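Below is upload-v2.txt, holding compact mmCIF, N, CA and C atoms and all ligand atoms.
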# COMPACT_ATOMS: atom_id res chain seq x y z
N MET A 1 15.80 -3.06 20.36
CA MET A 1 14.94 -3.30 19.18
C MET A 1 13.59 -2.63 19.38
N ALA A 2 13.15 -1.91 18.40
CA ALA A 2 11.87 -1.23 18.50
C ALA A 2 10.73 -2.23 18.30
N ASP A 3 9.63 -2.05 19.02
CA ASP A 3 8.45 -2.87 18.78
C ASP A 3 7.43 -2.07 17.98
N CYS A 4 6.25 -2.65 17.75
CA CYS A 4 5.24 -1.99 16.91
C CYS A 4 4.83 -0.63 17.49
N ARG A 5 4.64 -0.61 18.80
CA ARG A 5 4.21 0.66 19.42
C ARG A 5 5.23 1.76 19.22
N GLU A 6 6.49 1.40 19.46
CA GLU A 6 7.56 2.37 19.30
C GLU A 6 7.65 2.83 17.84
N THR A 7 7.50 1.88 16.95
CA THR A 7 7.60 2.20 15.53
C THR A 7 6.50 3.18 15.11
N ILE A 8 5.27 2.91 15.55
CA ILE A 8 4.15 3.81 15.21
C ILE A 8 4.38 5.19 15.83
N ARG A 9 4.89 5.15 17.05
CA ARG A 9 5.13 6.41 17.76
C ARG A 9 6.16 7.28 17.03
N GLN A 10 7.13 6.64 16.42
CA GLN A 10 8.22 7.36 15.76
C GLN A 10 7.98 7.52 14.26
N LEU A 11 6.81 7.07 13.80
CA LEU A 11 6.57 6.96 12.36
C LEU A 11 6.79 8.27 11.62
N TYR A 12 6.21 9.34 12.16
CA TYR A 12 6.30 10.61 11.44
C TYR A 12 7.72 11.16 11.43
N SER A 13 8.39 11.01 12.55
CA SER A 13 9.79 11.43 12.61
C SER A 13 10.62 10.60 11.64
N TYR A 14 10.29 9.32 11.58
CA TYR A 14 11.01 8.43 10.66
C TYR A 14 10.80 8.89 9.22
N LEU A 15 9.56 9.16 8.86
CA LEU A 15 9.25 9.58 7.49
C LEU A 15 9.89 10.93 7.18
N ASP A 16 9.97 11.78 8.17
CA ASP A 16 10.58 13.10 7.96
C ASP A 16 12.09 13.07 8.09
N GLU A 17 12.62 11.87 8.35
CA GLU A 17 14.06 11.68 8.52
C GLU A 17 14.62 12.57 9.63
N MET A 18 13.83 12.63 10.72
CA MET A 18 14.21 13.46 11.86
C MET A 18 14.87 12.64 12.96
N LEU A 19 14.94 11.32 12.79
CA LEU A 19 15.44 10.47 13.87
C LEU A 19 16.96 10.41 13.86
N GLU A 20 17.50 10.24 15.06
CA GLU A 20 18.94 10.01 15.11
C GLU A 20 19.22 8.59 14.59
N GLU A 21 20.43 8.41 14.11
CA GLU A 21 20.78 7.20 13.37
C GLU A 21 20.42 5.90 14.10
N SER A 22 20.75 5.82 15.39
CA SER A 22 20.52 4.55 16.11
C SER A 22 19.04 4.19 16.15
N LEU A 23 18.20 5.19 16.36
CA LEU A 23 16.76 4.96 16.42
C LEU A 23 16.21 4.63 15.03
N ARG A 24 16.72 5.33 14.04
CA ARG A 24 16.29 5.09 12.67
C ARG A 24 16.57 3.64 12.26
N VAL A 25 17.73 3.15 12.65
CA VAL A 25 18.11 1.77 12.33
C VAL A 25 17.17 0.79 13.03
N GLN A 26 16.84 1.10 14.30
CA GLN A 26 15.91 0.22 15.02
C GLN A 26 14.57 0.14 14.33
N ILE A 27 14.03 1.29 13.93
CA ILE A 27 12.73 1.32 13.25
C ILE A 27 12.84 0.58 11.93
N SER A 28 13.88 0.88 11.21
CA SER A 28 14.09 0.28 9.91
C SER A 28 14.20 -1.24 10.01
N THR A 29 14.90 -1.72 11.03
CA THR A 29 15.04 -3.17 11.26
C THR A 29 13.69 -3.79 11.58
N HIS A 30 12.92 -3.10 12.42
CA HIS A 30 11.59 -3.60 12.75
C HIS A 30 10.71 -3.67 11.50
N LEU A 31 10.80 -2.68 10.67
CA LEU A 31 9.98 -2.65 9.45
C LEU A 31 10.31 -3.82 8.53
N ASP A 32 11.58 -4.18 8.50
CA ASP A 32 11.98 -5.32 7.67
C ASP A 32 11.28 -6.60 8.09
N GLU A 33 10.96 -6.67 9.40
CA GLU A 33 10.44 -7.93 9.94
C GLU A 33 8.94 -7.89 10.19
N CYS A 34 8.30 -6.74 10.01
CA CYS A 34 6.91 -6.59 10.45
C CYS A 34 6.04 -6.04 9.32
N PRO A 35 5.33 -6.92 8.62
CA PRO A 35 4.49 -6.49 7.51
C PRO A 35 3.43 -5.47 7.93
N ASP A 36 2.90 -5.62 9.15
CA ASP A 36 1.88 -4.68 9.63
C ASP A 36 2.41 -3.25 9.63
N CYS A 37 3.59 -3.08 10.18
CA CYS A 37 4.17 -1.75 10.24
C CYS A 37 4.60 -1.28 8.85
N GLN A 38 5.04 -2.18 8.02
CA GLN A 38 5.37 -1.81 6.64
C GLN A 38 4.16 -1.21 5.94
N ASP A 39 3.01 -1.88 6.08
CA ASP A 39 1.77 -1.36 5.49
C ASP A 39 1.48 0.04 5.98
N ARG A 40 1.63 0.18 7.28
CA ARG A 40 1.34 1.45 7.93
C ARG A 40 2.25 2.56 7.39
N VAL A 41 3.52 2.25 7.29
CA VAL A 41 4.47 3.24 6.79
C VAL A 41 4.15 3.60 5.34
N GLU A 42 3.85 2.59 4.56
CA GLU A 42 3.55 2.82 3.16
C GLU A 42 2.33 3.73 3.01
N PHE A 43 1.32 3.46 3.84
CA PHE A 43 0.10 4.26 3.81
C PHE A 43 0.40 5.71 4.17
N GLU A 44 1.11 5.91 5.25
CA GLU A 44 1.43 7.27 5.70
C GLU A 44 2.30 7.98 4.67
N TYR A 45 3.22 7.23 4.09
CA TYR A 45 4.13 7.81 3.12
C TYR A 45 3.37 8.29 1.88
N THR A 46 2.45 7.44 1.40
CA THR A 46 1.64 7.80 0.24
C THR A 46 0.77 9.01 0.55
N LEU A 47 0.19 9.00 1.74
CA LEU A 47 -0.66 10.11 2.17
C LEU A 47 0.13 11.42 2.18
N LYS A 48 1.31 11.35 2.74
CA LYS A 48 2.16 12.55 2.80
C LYS A 48 2.52 13.05 1.41
N ALA A 49 2.87 12.10 0.53
CA ALA A 49 3.25 12.47 -0.83
C ALA A 49 2.07 13.14 -1.54
N ARG A 50 0.87 12.61 -1.29
CA ARG A 50 -0.31 13.18 -1.93
C ARG A 50 -0.61 14.58 -1.44
N ILE A 51 -0.48 14.76 -0.13
CA ILE A 51 -0.71 16.08 0.45
C ILE A 51 0.28 17.08 -0.14
N ARG A 52 1.53 16.64 -0.27
CA ARG A 52 2.56 17.52 -0.81
C ARG A 52 2.26 17.87 -2.27
N ALA A 53 1.81 16.87 -3.04
CA ALA A 53 1.49 17.09 -4.45
C ALA A 53 0.33 18.08 -4.58
N ARG A 54 -0.65 17.93 -3.70
CA ARG A 54 -1.80 18.84 -3.73
C ARG A 54 -1.38 20.26 -3.40
N ALA A 55 -0.54 20.38 -2.42
CA ALA A 55 -0.07 21.71 -2.01
C ALA A 55 0.66 22.38 -3.17
N ALA A 56 1.37 21.60 -3.95
CA ALA A 56 2.11 22.15 -5.08
C ALA A 56 1.17 22.62 -6.18
N ASP A 57 0.01 21.94 -6.29
CA ASP A 57 -0.96 22.31 -7.32
C ASP A 57 -1.74 23.57 -6.96
N GLU A 58 -1.80 23.83 -5.68
CA GLU A 58 -2.58 24.96 -5.20
C GLU A 58 -2.09 26.25 -5.87
N PRO A 59 -3.00 27.05 -6.41
CA PRO A 59 -2.55 28.30 -7.01
C PRO A 59 -2.00 29.24 -5.95
N LEU A 60 -1.05 30.06 -6.32
CA LEU A 60 -0.48 31.01 -5.38
C LEU A 60 -1.48 32.12 -5.09
N PRO A 61 -1.45 32.64 -3.88
CA PRO A 61 -2.27 33.81 -3.59
C PRO A 61 -1.87 34.96 -4.53
N ASP A 62 -2.86 35.77 -4.92
CA ASP A 62 -2.62 36.84 -5.88
C ASP A 62 -1.47 37.75 -5.50
N GLU A 63 -1.46 38.11 -4.22
CA GLU A 63 -0.44 39.06 -3.77
C GLU A 63 0.96 38.49 -3.96
N LEU A 64 1.11 37.21 -3.61
CA LEU A 64 2.41 36.57 -3.73
C LEU A 64 2.80 36.43 -5.20
N ARG A 65 1.82 36.07 -6.01
CA ARG A 65 2.07 35.90 -7.44
C ARG A 65 2.54 37.22 -8.06
N GLN A 66 1.86 38.30 -7.64
CA GLN A 66 2.22 39.62 -8.16
C GLN A 66 3.64 39.98 -7.76
N ARG A 67 3.97 39.65 -6.52
CA ARG A 67 5.31 39.96 -6.03
C ARG A 67 6.38 39.18 -6.83
N LEU A 68 6.06 37.93 -7.12
CA LEU A 68 6.98 37.12 -7.92
C LEU A 68 7.11 37.69 -9.33
N LEU A 69 5.96 38.07 -9.91
CA LEU A 69 5.98 38.64 -11.25
C LEU A 69 6.83 39.91 -11.29
N ASP A 70 6.68 40.71 -10.25
CA ASP A 70 7.49 41.94 -10.14
C ASP A 70 8.99 41.60 -10.18
N CYS A 71 9.36 40.57 -9.46
CA CYS A 71 10.76 40.15 -9.44
C CYS A 71 11.22 39.73 -10.84
N PHE A 72 10.36 38.93 -11.49
CA PHE A 72 10.72 38.46 -12.82
C PHE A 72 10.85 39.63 -13.80
N ASP A 73 9.93 40.59 -13.68
CA ASP A 73 9.96 41.76 -14.54
C ASP A 73 11.30 42.47 -14.45
N MET A 74 11.76 42.62 -13.21
CA MET A 74 13.04 43.27 -13.02
C MET A 74 14.16 42.54 -13.76
N ASP A 75 14.11 41.18 -13.67
CA ASP A 75 15.13 40.39 -14.34
C ASP A 75 15.06 40.56 -15.85
N ILE A 76 13.83 40.50 -16.36
CA ILE A 76 13.66 40.56 -17.82
C ILE A 76 14.09 41.94 -18.35
N ASP A 77 13.63 43.01 -17.66
CA ASP A 77 13.96 44.36 -18.12
C ASP A 77 15.47 44.62 -18.03
N GLY A 78 16.08 44.09 -16.96
CA GLY A 78 17.51 44.30 -16.78
C GLY A 78 18.25 43.46 -17.80
ZN ZN B 1 5.42 -3.79 13.83
Would it be possible to restate this file's structure as structure tokens?
Ligand SMILES: [Zn+2]
Amino acid sequence: MADCRETIRQLYSYLDEMLEESLRVQISTHLDECPDCQDRVEFEYTLKARIRARAADEPLPDELRQRLLDCFDMDIDG
């Protein structure tokens, strides 16, 4: 059974779904029983989601955008 320390240590791997099944179940079981760790996971999860959302909003660099446009042009003309 994972304890709080182990859970925090594995938190990012858990969120990224990088853990092997047995460890994932241990963390998941601990989370069911530990409000402190639940809070922590929720916080990290929200933070990650926000960072990802921001990254998606970021405008593309000009060079990359131009390259994409070039690709689209080819499709449209063809
Ligand atoms: Zn805990």
- Query: If you count only C-alpha atoms and all ligand atoms, which residues end up within 12 Å of ligand ZN 1 (chain B), as a ChimeraX atom specification?
  - Reply: /A:1-11,26-41
In chain A, DSSP helix (DSSP H, G or I) residues written as a PDB file with N, CA and C atoms, in the coordinates of the input:
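As written to disk, out_7.pdb reads:
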ATOM      1  N   CYS A   4       6.250  -2.650  17.750  1.00  0.00           N
ATOM      2  CA  CYS A   4       5.240  -1.990  16.910  1.00  0.00           C
ATOM      3  C   CYS A   4       4.830  -0.630  17.490  1.00  0.00           C
ATOM      4  N   ARG A   5       4.640  -0.610  18.800  1.00  0.00           N
ATOM      5  CA  ARG A   5       4.210   0.660  19.420  1.00  0.00           C
ATOM      6  C   ARG A   5       5.230   1.760  19.220  1.00  0.00           C
ATOM      7  N   GLU A   6       6.490   1.400  19.460  1.00  0.00           N
ATOM      8  CA  GLU A   6       7.560   2.370  19.300  1.00  0.00           C
ATOM      9  C   GLU A   6       7.650   2.830  17.840  1.00  0.00           C
ATOM     10  N   THR A   7       7.500   1.880  16.950  1.00  0.00           N
ATOM     11  CA  THR A   7       7.600   2.200  15.530  1.00  0.00           C
ATOM     12  C   THR A   7       6.500   3.180  15.110  1.00  0.00           C
ATOM     13  N   ILE A   8       5.270   2.910  15.550  1.00  0.00           N
ATOM     14  CA  ILE A   8       4.150   3.810  15.210  1.00  0.00           C
ATOM     15  C   ILE A   8       4.380   5.190  15.830  1.00  0.00           C
ATOM     16  N   ARG A   9       4.890   5.150  17.050  1.00  0.00           N
ATOM     17  CA  ARG A   9       5.130   6.410  17.760  1.00  0.00           C
ATOM     18  C   ARG A   9       6.160   7.280  17.030  1.00  0.00           C
ATOM     19  N   LEU A  11       6.810   7.070  13.800  1.00  0.00           N
ATOM     20  CA  LEU A  11       6.570   6.960  12.360  1.00  0.00           C
ATOM     21  C   LEU A  11       6.790   8.270  11.620  1.00  0.00           C
ATOM     22  N   TYR A  12       6.210   9.340  12.160  1.00  0.00           N
ATOM     23  CA  TYR A  12       6.300  10.610  11.440  1.00  0.00           C
ATOM     24  C   TYR A  12       7.720  11.160  11.430  1.00  0.00           C
ATOM     25  N   SER A  13       8.390  11.010  12.550  1.00  0.00           N
ATOM     26  CA  SER A  13       9.790  11.430  12.610  1.00  0.00           C
ATOM     27  C   SER A  13      10.620  10.600  11.640  1.00  0.00           C
ATOM     28  N   TYR A  14      10.290   9.320  11.580  1.00  0.00           N
ATOM     29  CA  TYR A  14      11.010   8.430  10.660  1.00  0.00           C
ATOM     30  C   TYR A  14      10.800   8.890   9.220  1.00  0.00           C
ATOM     31  N   LEU A  15       9.560   9.160   8.860  1.00  0.00           N
ATOM     32  CA  LEU A  15       9.250   9.580   7.490  1.00  0.00           C
ATOM     33  C   LEU A  15       9.890  10.930   7.180  1.00  0.00           C
ATOM     34  N   GLU A  21      20.430   8.410  14.110  1.00  0.00           N
ATOM     35  CA  GLU A  21      20.780   7.200  13.370  1.00  0.00           C
ATOM     36  C   GLU A  21      20.420   5.900  14.100  1.00  0.00           C
ATOM     37  N   SER A  22      20.750   5.820  15.390  1.00  0.00           N
ATOM     38  CA  SER A  22      20.520   4.550  16.110  1.00  0.00           C
ATOM     39  C   SER A  22      19.040   4.190  16.150  1.00  0.00           C
ATOM     40  N   LEU A  23      18.200   5.190  16.360  1.00  0.00           N
ATOM     41  CA  LEU A  23      16.760   4.960  16.420  1.00  0.00           C
ATOM     42  C   LEU A  23      16.210   4.630  15.030  1.00  0.00           C
ATOM     43  N   ARG A  24      16.720   5.330  14.040  1.00  0.00           N
ATOM     44  CA  ARG A  24      16.290   5.090  12.670  1.00  0.00           C
ATOM     45  C   ARG A  24      16.570   3.640  12.260  1.00  0.00           C
ATOM     46  N   VAL A  25      17.730   3.150  12.650  1.00  0.00           N
ATOM     47  CA  VAL A  25      18.110   1.770  12.330  1.00  0.00           C
ATOM     48  C   VAL A  25      17.170   0.790  13.030  1.00  0.00           C
ATOM     49  N   GLN A  26      16.840   1.100  14.300  1.00  0.00           N
ATOM     50  CA  GLN A  26      15.910   0.220  15.020  1.00  0.00           C
ATOM     51  C   GLN A  26      14.570   0.140  14.330  1.00  0.00           C
ATOM     52  N   ILE A  27      14.030   1.290  13.930  1.00  0.00           N
ATOM     53  CA  ILE A  27      12.730   1.320  13.250  1.00  0.00           C
ATOM     54  C   ILE A  27      12.840   0.580  11.930  1.00  0.00           C
ATOM     55  N   SER A  28      13.880   0.880  11.210  1.00  0.00           N
ATOM     56  CA  SER A  28      14.090   0.280   9.910  1.00  0.00           C
ATOM     57  C   SER A  28      14.200  -1.240  10.010  1.00  0.00           C
ATOM     58  N   THR A  29      14.900  -1.720  11.030  1.00  0.00           N
ATOM     59  CA  THR A  29      15.040  -3.170  11.260  1.00  0.00           C
ATOM     60  C   THR A  29      13.690  -3.790  11.580  1.00  0.00           C
ATOM     61  N   HIS A  30      12.920  -3.100  12.420  1.00  0.00           N
ATOM     62  CA  HIS A  30      11.590  -3.600  12.750  1.00  0.00           C
ATOM     63  C   HIS A  30      10.710  -3.670  11.500  1.00  0.00           C
ATOM     64  N   LEU A  31      10.800  -2.680  10.670  1.00  0.00           N
ATOM     65  CA  LEU A  31       9.980  -2.650   9.450  1.00  0.00           C
ATOM     66  C   LEU A  31      10.310  -3.820   8.530  1.00  0.00           C
ATOM     67  N   ASP A  32      11.580  -4.180   8.500  1.00  0.00           N
ATOM     68  CA  ASP A  32      11.980  -5.320   7.670  1.00  0.00           C
ATOM     69  C   ASP A  32      11.280  -6.600   8.090  1.00  0.00           C
ATOM     70  N   GLU A  33      10.960  -6.670   9.400  1.00  0.00           N
ATOM     71  CA  GLU A  33      10.440  -7.930   9.940  1.00  0.00           C
ATOM     72  C   GLU A  33       8.940  -7.890  10.190  1.00  0.00           C
ATOM     73  N   PRO A  35       5.330  -6.920   8.620  1.00  0.00           N
ATOM     74  CA  PRO A  35       4.490  -6.490   7.510  1.00  0.00           C
ATOM     75  C   PRO A  35       3.430  -5.470   7.930  1.00  0.00           C
ATOM     76  N   ASP A  36       2.900  -5.620   9.150  1.00  0.00           N
ATOM     77  CA  ASP A  36       1.880  -4.680   9.630  1.00  0.00           C
ATOM     78  C   ASP A  36       2.410  -3.250   9.630  1.00  0.00           C
ATOM     79  N   CYS A  37       3.590  -3.080  10.180  1.00  0.00           N
ATOM     80  CA  CYS A  37       4.170  -1.750  10.240  1.00  0.00           C
ATOM     81  C   CYS A  37       4.600  -1.280   8.850  1.00  0.00           C
ATOM     82  N   GLN A  38       5.040  -2.180   8.020  1.00  0.00           N
ATOM     83  CA  GLN A  38       5.370  -1.810   6.640  1.00  0.00           C
ATOM     84  C   GLN A  38       4.160  -1.210   5.940  1.00  0.00           C
ATOM     85  N   ASP A  39       3.010  -1.880   6.080  1.00  0.00           N
ATOM     86  CA  ASP A  39       1.770  -1.360   5.490  1.00  0.00           C
ATOM     87  C   ASP A  39       1.480   0.040   5.980  1.00  0.00           C
ATOM     88  N   ARG A  40       1.630   0.180   7.280  1.00  0.00           N
ATOM     89  CA  ARG A  40       1.340   1.450   7.930  1.00  0.00           C
ATOM     90  C   ARG A  40       2.250   2.560   7.390  1.00  0.00           C
ATOM     91  N   VAL A  41       3.520   2.250   7.290  1.00  0.00           N
ATOM     92  CA  VAL A  41       4.470   3.240   6.790  1.00  0.00           C
ATOM     93  C   VAL A  41       4.150   3.600   5.340  1.00  0.00           C
ATOM     94  N   GLU A  42       3.850   2.590   4.560  1.00  0.00           N
ATOM     95  CA  GLU A  42       3.550   2.820   3.160  1.00  0.00           C
ATOM     96  C   GLU A  42       2.330   3.730   3.010  1.00  0.00           C
ATOM     97  N   PHE A  43       1.320   3.460   3.840  1.00  0.00           N
ATOM     98  CA  PHE A  43       0.100   4.260   3.810  1.00  0.00           C
ATOM     99  C   PHE A  43       0.400   5.710   4.170  1.00  0.00           C
ATOM    100  N   GLU A  44       1.110   5.910   5.250  1.00  0.00           N
ATOM    101  CA  GLU A  44       1.430   7.270   5.700  1.00  0.00           C
ATOM    102  C   GLU A  44       2.300   7.980   4.670  1.00  0.00           C
ATOM    103  N   TYR A  45       3.220   7.230   4.090  1.00  0.00           N
ATOM    104  CA  TYR A  45       4.130   7.810   3.120  1.00  0.00           C
ATOM    105  C   TYR A  45       3.370   8.290   1.880  1.00  0.00           C
ATOM    106  N   THR A  46       2.450   7.440   1.400  1.00  0.00           N
ATOM    107  CA  THR A  46       1.640   7.800   0.240  1.00  0.00           C
ATOM    108  C   THR A  46       0.770   9.010   0.550  1.00  0.00           C
ATOM    109  N   LEU A  47       0.190   9.000   1.740  1.00  0.00           N
ATOM    110  CA  LEU A  47      -0.660  10.110   2.170  1.00  0.00           C
ATOM    111  C   LEU A  47       0.130  11.420   2.180  1.00  0.00           C
ATOM    112  N   LYS A  48       1.310  11.350   2.740  1.00  0.00           N
ATOM    113  CA  LYS A  48       2.160  12.550   2.800  1.00  0.00           C
ATOM    114  C   LYS A  48       2.520  13.050   1.410  1.00  0.00           C
ATOM    115  N   ALA A  49       2.870  12.100   0.530  1.00  0.00           N
ATOM    116  CA  ALA A  49       3.250  12.470  -0.830  1.00  0.00           C
ATOM    117  C   ALA A  49       2.070  13.140  -1.540  1.00  0.00           C
ATOM    118  N   ARG A  50       0.870  12.610  -1.290  1.00  0.00           N
ATOM    119  CA  ARG A  50      -0.310  13.180  -1.930  1.00  0.00           C
ATOM    120  C   ARG A  50      -0.610  14.580  -1.440  1.00  0.00           C
ATOM    121  N   ILE A  51      -0.480  14.760  -0.130  1.00  0.00           N
ATOM    122  CA  ILE A  51      -0.710  16.080   0.450  1.00  0.00           C
ATOM    123  C   ILE A  51       0.280  17.080  -0.140  1.00  0.00           C
ATOM    124  N   ARG A  52       1.530  16.640  -0.270  1.00  0.00           N
ATOM    125  CA  ARG A  52       2.560  17.520  -0.810  1.00  0.00           C
ATOM    126  C   ARG A  52       2.260  17.870  -2.270  1.00  0.00           C
ATOM    127  N   ALA A  53       1.810  16.870  -3.040  1.00  0.00           N
ATOM    128  CA  ALA A  53       1.490  17.090  -4.450  1.00  0.00           C
ATOM    129  C   ALA A  53       0.330  18.080  -4.580  1.00  0.00           C
ATOM    130  N   ARG A  54      -0.650  17.930  -3.700  1.00  0.00           N
ATOM    131  CA  ARG A  54      -1.800  18.840  -3.730  1.00  0.00           C
ATOM    132  C   ARG A  54      -1.380  20.260  -3.400  1.00  0.00           C
ATOM    133  N   ALA A  55      -0.540  20.380  -2.420  1.00  0.00           N
ATOM    134  CA  ALA A  55      -0.070  21.710  -2.010  1.00  0.00           C
ATOM    135  C   ALA A  55       0.660  22.380  -3.170  1.00  0.00           C
ATOM    136  N   ALA A  56       1.370  21.600  -3.950  1.00  0.00           N
ATOM    137  CA  ALA A  56       2.110  22.150  -5.080  1.00  0.00           C
ATOM    138  C   ALA A  56       1.170  22.620  -6.180  1.00  0.00           C
ATOM    139  N   ASP A  57       0.010  21.940  -6.290  1.00  0.00           N
ATOM    140  CA  ASP A  57      -0.960  22.310  -7.320  1.00  0.00           C
ATOM    141  C   ASP A  57      -1.740  23.570  -6.960  1.00  0.00           C
ATOM    142  N   ASP A  62      -2.860  35.770  -4.920  1.00  0.00           N
ATOM    143  CA  ASP A  62      -2.620  36.840  -5.880  1.00  0.00           C
ATOM    144  C   ASP A  62      -1.470  37.750  -5.500  1.00  0.00           C
ATOM    145  N   GLU A  63      -1.460  38.110  -4.220  1.00  0.00           N
ATOM    146  CA  GLU A  63      -0.440  39.060  -3.770  1.00  0.00           C
ATOM    147  C   GLU A  63       0.960  38.490  -3.960  1.00  0.00           C
ATOM    148  N   LEU A  64       1.110  37.210  -3.610  1.00  0.00           N
ATOM    149  CA  LEU A  64       2.410  36.570  -3.730  1.00  0.00           C
ATOM    150  C   LEU A  64       2.800  36.430  -5.200  1.00  0.00           C
ATOM    151  N   ARG A  65       1.820  36.070  -6.010  1.00  0.00           N
ATOM    152  CA  ARG A  65       2.070  35.900  -7.440  1.00  0.00           C
ATOM    153  C   ARG A  65       2.540  37.220  -8.060  1.00  0.00           C
ATOM    154  N   GLN A  66       1.860  38.300  -7.640  1.00  0.00           N
ATOM    155  CA  GLN A  66       2.220  39.620  -8.160  1.00  0.00           C
ATOM    156  C   GLN A  66       3.640  39.980  -7.760  1.00  0.00           C
ATOM    157  N   ARG A  67       3.970  39.650  -6.520  1.00  0.00           N
ATOM    158  CA  ARG A  67       5.310  39.960  -6.030  1.00  0.00           C
ATOM    159  C   ARG A  67       6.380  39.180  -6.830  1.00  0.00           C
ATOM    160  N   LEU A  68       6.060  37.930  -7.120  1.00  0.00           N
ATOM    161  CA  LEU A  68       6.980  37.120  -7.920  1.00  0.00           C
ATOM    162  C   LEU A  68       7.110  37.690  -9.330  1.00  0.00           C
ATOM    163  N   LEU A  69       5.960  38.070  -9.910  1.00  0.00           N
ATOM    164  CA  LEU A  69       5.980  38.640 -11.250  1.00  0.00           C
ATOM    165  C   LEU A  69       6.830  39.910 -11.290  1.00  0.00           C
ATOM    166  N   ASP A  70       6.680  40.710 -10.250  1.00  0.00           N
ATOM    167  CA  ASP A  70       7.490  41.940 -10.140  1.00  0.00           C
ATOM    168  C   ASP A  70       8.990  41.600 -10.180  1.00  0.00           C
ATOM    169  N   CYS A  71       9.360  40.570  -9.460  1.00  0.00           N
ATOM    170  CA  CYS A  71      10.760  40.150  -9.440  1.00  0.00           C
ATOM    171  C   CYS A  71      11.220  39.730 -10.840  1.00  0.00           C
ATOM    172  N   PHE A  72      10.360  38.930 -11.490  1.00  0.00           N
ATOM    173  CA  PHE A  72      10.720  38.460 -12.820  1.00  0.00           C
ATOM    174  C   PHE A  72      10.850  39.630 -13.800  1.00  0.00           C
ATOM    175  N   ASP A  73       9.930  40.590 -13.680  1.00  0.00           N
ATOM    176  CA  ASP A  73       9.960  41.760 -14.540  1.00  0.00           C
ATOM    177  C   ASP A  73      11.300  42.470 -14.450  1.00  0.00           C
ATOM    178  N   MET A  74      11.760  42.620 -13.210  1.00  0.00           N
ATOM    179  CA  MET A  74      13.040  43.270 -13.020  1.00  0.00           C
ATOM    180  C   MET A  74      14.160  42.540 -13.760  1.00  0.00           C
ATOM    181  N   ASP A  75      14.110  41.180 -13.670  1.00  0.00           N
ATOM    182  CA  ASP A  75      15.130  40.390 -14.340  1.00  0.00           C
ATOM    183  C   ASP A  75      15.060  40.560 -15.850  1.00  0.00           C
ATOM    184  N   ILE A  76      13.830  40.500 -16.360  1.00  0.00           N
ATOM    185  CA  ILE A  76      13.660  40.560 -17.820  1.00  0.00           C
ATOM    186  C   ILE A  76      14.090  41.940 -18.350  1.00  0.00           C
ATOM    187  N   ASP A  77      13.630  43.010 -17.660  1.00  0.00           N
ATOM    188  CA  ASP A  77      13.960  44.360 -18.120  1.00  0.00           C
ATOM    189  C   ASP A  77      15.470  44.620 -18.030  1.00  0.00           C
TER     190      ASP A  77
END
- Query: When you draw a straight line from atom N of Arg50 of chain A to atom N of Met18 of chain A, how long is it in Å?
  - Reply: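 Going from atom N of Arg50 of chain A over to atom N of Met18 of chain A, I get 17.7 Å.
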- Task: Find the distance between atom N of Leu47 of chain A and atom CA of Glu17 of chain A and write it in Å to one decimal.
- Result: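 So the answer is 15.7 Å.
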- Message: Here is a test: counting all atoms listed in the file, which residue of A:Glu58, A:Leu15, A:Glu20, A:Val25 is nearest to Glu44 of chain A?
- Response: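 Among A:Glu58, A:Leu15, A:Glu20, A:Val25, it is A:Leu15 that comes nearest to Glu44 of chain A.
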- Query: If you measure from atom N of Arg67 of chain A to atom CA of Ile51 of chain A, what distance in Å do you get, rounded to one decimal?
  - Reply: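 Answer for the atom N of Arg67 of chain A to atom CA of Ile51 of chain A separation: 25.0 Å.
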Enclosing box along x, y and z for every listed atom of segment 8-11 of chain A, padded 4 Å each side, centre and size in Å, one decimal, as JSON:
{"center_x": 6.2, "center_y": 5.6, "center_z": 14.7, "size_x": 12.1, "size_y": 13.4, "size_z": 14.1}
